[in-house]
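Asks: Before I ask anything, let me first share the structure, which is written out below as structure tokens.
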Amino acid sequence: MKYDVIVVGGGPGGSIAGKTAAENGLKTIIFERGQNPGEKNASGVGLTPKIWRDFPDIMKEMNLPSQRVNRRCTAHFCDEKGELVSELSWTPSKLNTYKEAREFMTVMVYRHQYDKWLSTFAVDAGAELKTSTLITDVLRDSSGRVTGVVDERGNKYEGIVIAADGAISVVARKAGMRAKFGPYDTTLVVNYDFEAPPEKIDEFIGDNALHAWFSPLYPGVYNFFKKDGFHIGLGQWFGAITRNLRGYLEDCIKSPPVAKMIKQLNAKPREFHAHQLPWLQYPKKTYAHNIMLVGDAAGFPCPLEAEGIWHAMYSGRLAALTAKEAIDNNDVSERQMKKYEESWVNSPLGEEFAAGKEFQEFWAGLPFNTEKVGELGDIVNNSLNLFTGATSHLEMSQLFLKSLREKGPSIMPLFRKYLFPYVFRILEEELNDLAPFNDMFEKMRPKKKIRRRN
Amino acid sequence: MLVPLENIIHKLEGDQGDFIKPIRENCVACKRCITVCPVNLWYLDDGKANIKDDYKKLCLECGACWQSCEYNAIDFTYPKGGTGVIFKRG
Ligand SMILES: Cc1cc2nc3c(=O)[nH]c(=O)nc-3n(C[C@H](O)[C@H](O)[C@H](O)COP(=O)(O)OP(=O)(O)OC[C@H]3O[C@@H](n4cnc5c(N)ncnc54)[C@H](O)[C@@H]3O)c2cc1C
Ligand code: SF4
Ligand code: SF4
């Protein structure tokens with residue numbers, strides 16, 4: 001069967017690719033191995049405001065039963081027994097450059113609902129959606145170039161291929177575009193879904209719907225609240241997994257503050273998930289003759305915190321627009337397809353990877369480093385203790401500095417290696433703008449030393 | 001385990017096919033698959049990794065076993081379209 005565009009995968013990347021292609025008059029088919037889009041997919045999942053910025057016509061219609069708007073994030077720092085030490089909360093910054101970003105941080109939904117709903121836009125635009133169908137191989141011409149795909153029953157489909165089939169991407173591998181991801185290119189994420197009465201979540205959580213837990217007991221845990229339940233999960237790069245991740249997650253769930261929250265909400269485990277999440281410093285090659293990779297198949301999740309829904313949708317749209325141009329020019333060569341890579345590199349998506357190495361290493365070196373995360377929690381807590389009256393403020397400040405000096409030898413190399421490069425990389429130009437402050441600090445410095453008794 | 005996993009892992013109806021196969025001759029018994037599988041479906045059997053006979057009841061299709069094996073000793077595909085795990089609240 002002949003199509004203009006064949007999309008493999010009915011996730012966010014596939015549906016937007018399919019919608020865009022069909023809207024542009026291309027004969028389009030989307031394949032999804034699940035009975036419905038979304039039922040094979042697991043995420044946190046927090047949809048970020050970028051999706052509203054870039055897909056306003058779709059998102060203004062979103063009204064899913066599970067959705068909960070998140071306007072406040074809280075990080076909990078716990079000690080080696082999992083006991084709470086300190087907490088930090090933050091809300092949308094007024095510095096954000098567009099309205100939605102100033103109003104909320106994420107909207108939490110379930111993928112079963114989100115992906116299915118998103119696919120209706122592709123179908124309404126005229127794309128054919130073929131569910132319960134597994135794509136098992138690519139079709140090639142006599143010179144070995146990809147011309148289409150083959151399904152599990154041996155049916156053949158010809159057309160420009162957009163691989164939106166996720167982290168494991170059968171299509172990318174069969175097309176010879178990449179081998180399976182390397183041990184520090186992809187993470188395994190395990191996740192419990194808990195159900196809880198919506199009114200309890202409204203009362204105790206409300207719109208403070210994103211929590212993160214850090215402790216030497218487990219690598220950083222995310223905890224996202226929906227209307228009638230929540231996800232609690234954690235991930236790690238394959239290369240760094242030394243213990244079964246479900247064991248870590250259950251240690252977190254049983255730790256005193258999390259167990260208390262679960263009890264307070266009267267929550268019960270409802271589903272268990274595991275899924276891969278690519279987390280690369282930079283995506284692999286995303287195009288070849290007649291084929292483009294989008295979303296997780298390409299390795300697009302953000303290198304800092306591995307958000308990937310917007311990235312999949314954005315790349316899906318760019319790939320479909322390149323396909324349209326290819327059809328109009330009657331040219332599906334590698335050179336034509338390269339325009340897809342040029343378009344994402346020069347877009348907000350490419351900008352995500354400007355400091356990809358520093359971002360990814362920061363996350364691996366600190367929040368996911370169970371050895372060091374406890375010390376970080378102590379630093380946060382001690383710095384906030386400067387504002388309590390138990391010990392004189394002056395003495396506490398000096399004790400704090402002393403503890404920093406003592407921890408220095410173990411914590412400073414981490415800061416030097418992971419935090420500073422990250423800060424300097426993203427602030428490269430802006431740092432020059434801070435020069436006037438040096439002058440100011442110099443003038444503020446007290447000329448006389450503070451005198452302390454004994 | 002918080003609750004028995006079979007209570008909170010749901011499957012679609014239908015024959016899934018054989019989608020994971022140990023390739024015993026390549027296995028060096030490094031046990032990575034055993035460590036990573038989130039639902040503990042792998043074990044050592046006569047010095048080689050093997051997957052439980054009834055793995056299709058709990059397998060989450062995450063591909064972690066295959067991804068972590070550096071010796072090409074695990075063959076992994078997906079179950080037949082429209083079968084296998086269903087995440088109702090993924
Ligand atoms: C636990 C977890 C938490 C996450 N949290 C967040 C978050 O909070 N916010 C965020 O933005 N991102 C999050 N991400 C990342 C996000 O889920 C992905 O980046 C995003 O889903 C990628 O979309 P996609 O369309 O590229 O691929 P996917 O969503 O993986 O979709 C691929 C689709 O292709 C289908 N498919 C695969 N192979 C075949 C085949 N051979 N034949 C037919 N169909 C096939 C699959 O069934 C699936 O529907 C999270 C990921 C995980 C694992
Ligand atoms: S990871 Fe591969 S080599 Fe190691 S035990 Fe498992 S199957 Fe064998
Ligand atoms: S795919 Fe995942 S759940 Fe299934 S056996 Fe492999 S590691 Fe275990």
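The chains in the structure tokens are called A, B, ... from first to last as shown; in each chain the residues are counted from 1, and the ligands are counted from 1 in the order shown.
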Name the residues in contact with Ile74 (chain B) at a cut-off of 8 Å, using only C-alpha atoms, excluding same-chain residues fewer than 6 positions from it; report them as an NGL selection string.

Replies: :B and (20-23 or 65-66)

Asks: To test your reading of the structure, identify every residue in region 72-279 of chain A that backbone DSSP assigns to strand (DSSP E or B), and report it as a PyMOL selection string.

Replies: chain A and resi 73-78+84-90+106-108+128-130+135-140+146-151+156-163+186-195+210-215+218-225+229-237+268-278

Asks: When you look at Lys11 (chain B) with a cut-off of 7 Å (counting only C-alpha atoms), what residues show up, excluding the ones that are within fewer than 6 positions of it in the same chain? I need them as a list in words.

Replies: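 With the cut-off at 7 Å, the set is Gly84, Val85 and Ile86 of chain B.
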
Asks: Produce a file of the selected residues containing all heavy atoms, as a tab-separated table (two decimals), in the first residue's frame.

Replies:
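Result file again.tsv:
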```tsv
chain	number	residue	atom	x	y	z
B	84	GLY	N	-0.77	-7.87	25.35
B	84	GLY	CA	0.29	-7.52	26.29
B	84	GLY	C	-0.18	-6.57	27.37
B	84	GLY	O	-1.36	-6.47	27.70
B	85	VAL	N	0.78	-5.81	27.92
B	85	VAL	CA	0.47	-4.98	29.09
B	85	VAL	C	-0.42	-3.80	28.70
B	85	VAL	O	-0.35	-3.30	27.58
B	85	VAL	CB	1.79	-4.49	29.75
B	85	VAL	CG1	2.44	-3.36	28.94
B	85	VAL	CG2	1.56	-4.06	31.19
B	86	ILE	N	-1.28	-3.40	29.63
B	86	ILE	CA	-2.04	-2.14	29.44
B	86	ILE	C	-1.85	-1.27	30.67
B	86	ILE	O	-2.05	-1.72	31.80
B	86	ILE	CB	-3.55	-2.38	29.14
B	86	ILE	CG1	-4.29	-1.04	29.16
B	86	ILE	CG2	-4.19	-3.39	30.07
B	86	ILE	CD1	-5.69	-1.08	28.59
```

Asks: Can you pull out every residue with an atom within 7 Å of ligand 2? Use only C-alpha atoms and all ligand atoms and format it as a VMD selection string.

Replies: chain B and resid 22 26 to 34 48 to 49 65 68 to 74

Asks: Compute the set of protein, DNA and RNA residues whose minimum atom distance to ligand 1 is at most 6 Å, using only C-alpha atoms and all ligand atoms, and state it as a ChimeraX atom specification.

Replies: /A:8-14,31-34,37-38,40-47,133-136,164-166,169-170,189,275-277,294-297,301,307-310,312

Asks: What do you get as JSON, numbers by chain if you pick all residues at most 10 Å from ligand 3, counting only C-alpha atoms and all ligand atoms?

Replies: {"A": [188, 273, 274, 275, 276], "B": [19, 20, 21, 32, 33, 34, 35, 36, 37, 38, 39, 40, 41, 42, 50, 51, 52, 55, 56, 57, 58, 59, 60, 61, 62, 63, 64, 65, 66, 67, 68, 74, 75, 76, 77, 78, 85]}

Asks: For each of B:Gly82, B:Pro4, B:Gly14, B:Gly47, take the minimum atom-to-atom distance to chain A, counting only C-alpha atoms, then give the residue where this is smallest.

Replies: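 Selected residue with least distance to chain A: B:Gly82.
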
Asks: So that I can see what lies close to Gly144 (chain A), please list as a VMD selection string the residues with an atom at most 12 Å from it, counting only C-alpha atoms and leaving out residues fewer than 3 positions away in the same chain.

Replies: chain A and resid 138 to 141 147 to 148 174 to 176 288 to 290

Asks: Save the residues we just selected, N, CA and C atoms, as a PDB file, in the first residue's frame?

Replies:
```
ATOM      1  N   VAL A 138      11.631  -2.516   8.304  1.00  0.00           N
ATOM      2  CA  VAL A 138      11.512  -1.497   7.253  1.00  0.00           C
ATOM      3  C   VAL A 138      11.587  -2.190   5.894  1.00  0.00           C
ATOM      4  N   LEU A 139      11.014  -1.518   4.900  1.00  0.00           N
ATOM      5  CA  LEU A 139      11.119  -1.980   3.501  1.00  0.00           C
ATOM      6  C   LEU A 139      12.324  -1.294   2.878  1.00  0.00           C
ATOM      7  N   ARG A 140      13.012  -1.998   2.000  1.00  0.00           N
ATOM      8  CA  ARG A 140      14.168  -1.368   1.348  1.00  0.00           C
ATOM      9  C   ARG A 140      14.081  -1.573  -0.160  1.00  0.00           C
ATOM     10  N   ASP A 141      14.685  -0.660  -0.931  1.00  0.00           N
ATOM     11  CA  ASP A 141      14.769  -0.870  -2.372  1.00  0.00           C
ATOM     12  C   ASP A 141      16.028  -1.681  -2.683  1.00  0.00           C
ATOM     13  N   THR A 147      12.312   2.392   2.075  1.00  0.00           N
ATOM     14  CA  THR A 147      11.202   2.906   1.265  1.00  0.00           C
ATOM     15  C   THR A 147       9.861   2.844   1.999  1.00  0.00           C
ATOM     16  N   GLY A 148       9.838   2.165   3.156  1.00  0.00           N
ATOM     17  CA  GLY A 148       8.579   2.042   3.891  1.00  0.00           C
ATOM     18  C   GLY A 148       8.749   1.108   5.071  1.00  0.00           C
ATOM     19  N   LYS A 174      16.112  -1.062  12.772  1.00  0.00           N
ATOM     20  CA  LYS A 174      16.017  -1.839  11.526  1.00  0.00           C
ATOM     21  C   LYS A 174      16.504  -1.008  10.339  1.00  0.00           C
ATOM     22  N   ALA A 175      16.320   0.308  10.422  1.00  0.00           N
ATOM     23  CA  ALA A 175      16.780   1.164   9.322  1.00  0.00           C
ATOM     24  C   ALA A 175      18.292   1.368   9.380  1.00  0.00           C
ATOM     25  N   GLY A 176      18.909   0.850  10.449  1.00  0.00           N
ATOM     26  CA  GLY A 176      20.361   0.976  10.570  1.00  0.00           C
ATOM     27  C   GLY A 176      20.795   2.379  10.967  1.00  0.00           C
ATOM     28  N   ALA A 288      17.732  10.086   7.477  1.00  0.00           N
ATOM     29  CA  ALA A 288      18.467   9.364   6.431  1.00  0.00           C
ATOM     30  C   ALA A 288      17.558   9.404   5.209  1.00  0.00           C
ATOM     31  N   HIS A 289      17.927   8.759   4.143  1.00  0.00           N
ATOM     32  CA  HIS A 289      17.111   8.742   2.947  1.00  0.00           C
ATOM     33  C   HIS A 289      15.686   8.295   3.283  1.00  0.00           C
ATOM     34  N   ASN A 290      14.690   9.133   3.021  1.00  0.00           N
ATOM     35  CA  ASN A 290      13.269   8.781   3.162  1.00  0.00           C
ATOM     36  C   ASN A 290      12.799   8.511   4.596  1.00  0.00           C
TER      37      ASN A 290
END
```

Asks: Using only C-alpha atoms, determine which residues lie at most 7 Å from Tyr110 (chain A), disregarding the query and same-chain residues fewer than 6 positions distant; provide the list as a list in words.

Replies: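 In the requested format, the answer is Val45 and Ser66 of chain A; Arg89 and Gly90 of chain B.
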
Asks: Restricted to all heavy atoms, what would the selected residues look like written as a tab-separated table (two decimals), in the first residue's frame?

Replies:
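Written file, result.tsv:
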```tsv
chain	number	residue	atom	x	y	z
A	45	VAL	N	2.77	12.22	34.56
A	45	VAL	CA	3.29	13.00	33.48
A	45	VAL	C	2.85	14.43	33.66
A	45	VAL	O	1.70	14.73	33.85
A	45	VAL	CB	2.82	12.48	32.10
A	45	VAL	CG1	1.31	12.41	31.97
A	45	VAL	CG2	3.33	13.34	30.97
A	66	SER	N	-8.55	13.25	34.26
A	66	SER	CA	-7.49	13.08	35.27
A	66	SER	C	-6.68	14.35	35.52
A	66	SER	O	-5.82	14.38	36.37
A	66	SER	CB	-6.53	11.98	34.82
A	66	SER	OG	-5.88	12.34	33.61
B	89	ARG	N	-3.33	3.79	33.77
B	89	ARG	CA	-2.99	5.08	34.39
B	89	ARG	C	-1.50	5.34	34.31
B	89	ARG	O	-0.84	5.61	35.29
B	89	ARG	CB	-3.50	5.13	35.82
B	89	ARG	CG	-5.02	5.20	35.83
B	89	ARG	CD	-5.60	5.34	37.17
B	89	ARG	NE	-7.04	5.57	37.06
B	89	ARG	CZ	-7.94	4.63	36.83
B	89	ARG	NH1	-7.58	3.39	36.64
B	89	ARG	NH2	-9.22	4.93	36.78
B	90	GLY	N	-0.99	5.22	33.08
B	90	GLY	CA	0.44	5.40	32.85
B	90	GLY	C	0.81	6.87	32.73
B	90	GLY	O	-0.04	7.72	32.64
```

Asks: Among the residues of region 4-88 of chain B, find those DSSP assigns to helix (DSSP H, G or I) from the backbone and print them as a VMD selection string.

Replies: chain B and resid 5 to 8 24 to 26 32 to 36 55 to 57 64 to 68

Asks: How many Å separate CA of Gly299 (chain A) from CA of Met337 (chain A)?

Replies: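 The value is 17.7 Å.
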
Asks: If we count only C-alpha atoms, what is near Val3 (chain B) at a cut-off of 12 Å, once residues fewer than 6 positions away on the same chain are taken out, given as an mmCIF file with N, CA, C and O atoms, in the first residue's frame?

Replies:
```
data_model
loop_
_atom_site.group_PDB
_atom_site.id
_atom_site.type_symbol
_atom_site.label_atom_id
_atom_site.label_comp_id
_atom_site.auth_asym_id
_atom_site.auth_seq_id
_atom_site.Cartn_x
_atom_site.Cartn_y
_atom_site.Cartn_z
ATOM 1 N N TYR A 192 4.996 3.708 40.602
ATOM 2 C CA TYR A 192 3.721 3.240 41.154
ATOM 3 C C TYR A 192 2.672 4.314 40.933
ATOM 4 O O TYR A 192 2.938 5.506 41.162
ATOM 5 N N PHE A 194 -0.826 5.446 42.532
ATOM 6 C CA PHE A 194 -1.690 5.263 43.699
ATOM 7 C C PHE A 194 -3.033 5.921 43.420
ATOM 8 O O PHE A 194 -3.071 6.999 42.814
ATOM 9 N N GLU A 250 10.445 1.396 46.631
ATOM 10 C CA GLU A 250 9.645 0.950 47.780
ATOM 11 C C GLU A 250 10.253 1.452 49.096
ATOM 12 O O GLU A 250 9.526 1.742 50.044
ATOM 13 N N LYS A 268 -3.907 4.140 47.867
ATOM 14 C CA LYS A 268 -3.600 2.713 47.707
ATOM 15 C C LYS A 268 -2.950 2.472 46.351
ATOM 16 O O LYS A 268 -3.352 3.079 45.357
ATOM 17 N N PRO A 269 -1.947 1.539 46.294
ATOM 18 C CA PRO A 269 -1.322 1.245 45.003
ATOM 19 C C PRO A 269 -2.364 0.729 44.008
ATOM 20 O O PRO A 269 -3.197 -0.114 44.367
ATOM 21 N N ARG A 270 -2.313 1.278 42.779
ATOM 22 C CA ARG A 270 -3.320 0.902 41.787
ATOM 23 C C ARG A 270 -2.687 0.256 40.557
ATOM 24 O O ARG A 270 -3.268 -0.588 39.916
ATOM 25 N N GLU A 271 -1.465 0.693 40.217
ATOM 26 C CA GLU A 271 -0.819 0.147 39.017
ATOM 27 C C GLU A 271 0.690 0.289 39.164
ATOM 28 O O GLU A 271 1.164 1.221 39.820
ATOM 29 N N PHE A 272 1.416 -0.639 38.556
ATOM 30 C CA PHE A 272 2.880 -0.528 38.551
ATOM 31 C C PHE A 272 3.367 -0.454 37.104
ATOM 32 O O PHE A 272 2.875 -1.183 36.247
ATOM 33 N N ILE B 9 -0.800 -5.161 37.892
ATOM 34 C CA ILE B 9 -0.307 -5.190 36.502
ATOM 35 C C ILE B 9 -1.413 -5.801 35.652
ATOM 36 O O ILE B 9 -1.880 -6.901 35.941
#
```

Asks: From the set A:Gly233, A:Gly247, A:Gly408, A:Pro216, which residue has the shortest atom-to-atom contact distance to chain B, counting only C-alpha atoms?

Replies: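 Smallest separation from chain B among the options: A:Gly247.
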
Asks: From the list A:Asp115, A:Asp202, A:Glu371, A:Glu406, which residue is nearest chain B when using only C-alpha atoms?

Replies: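 So, comparing all the options, the nearest one is A:Asp115.
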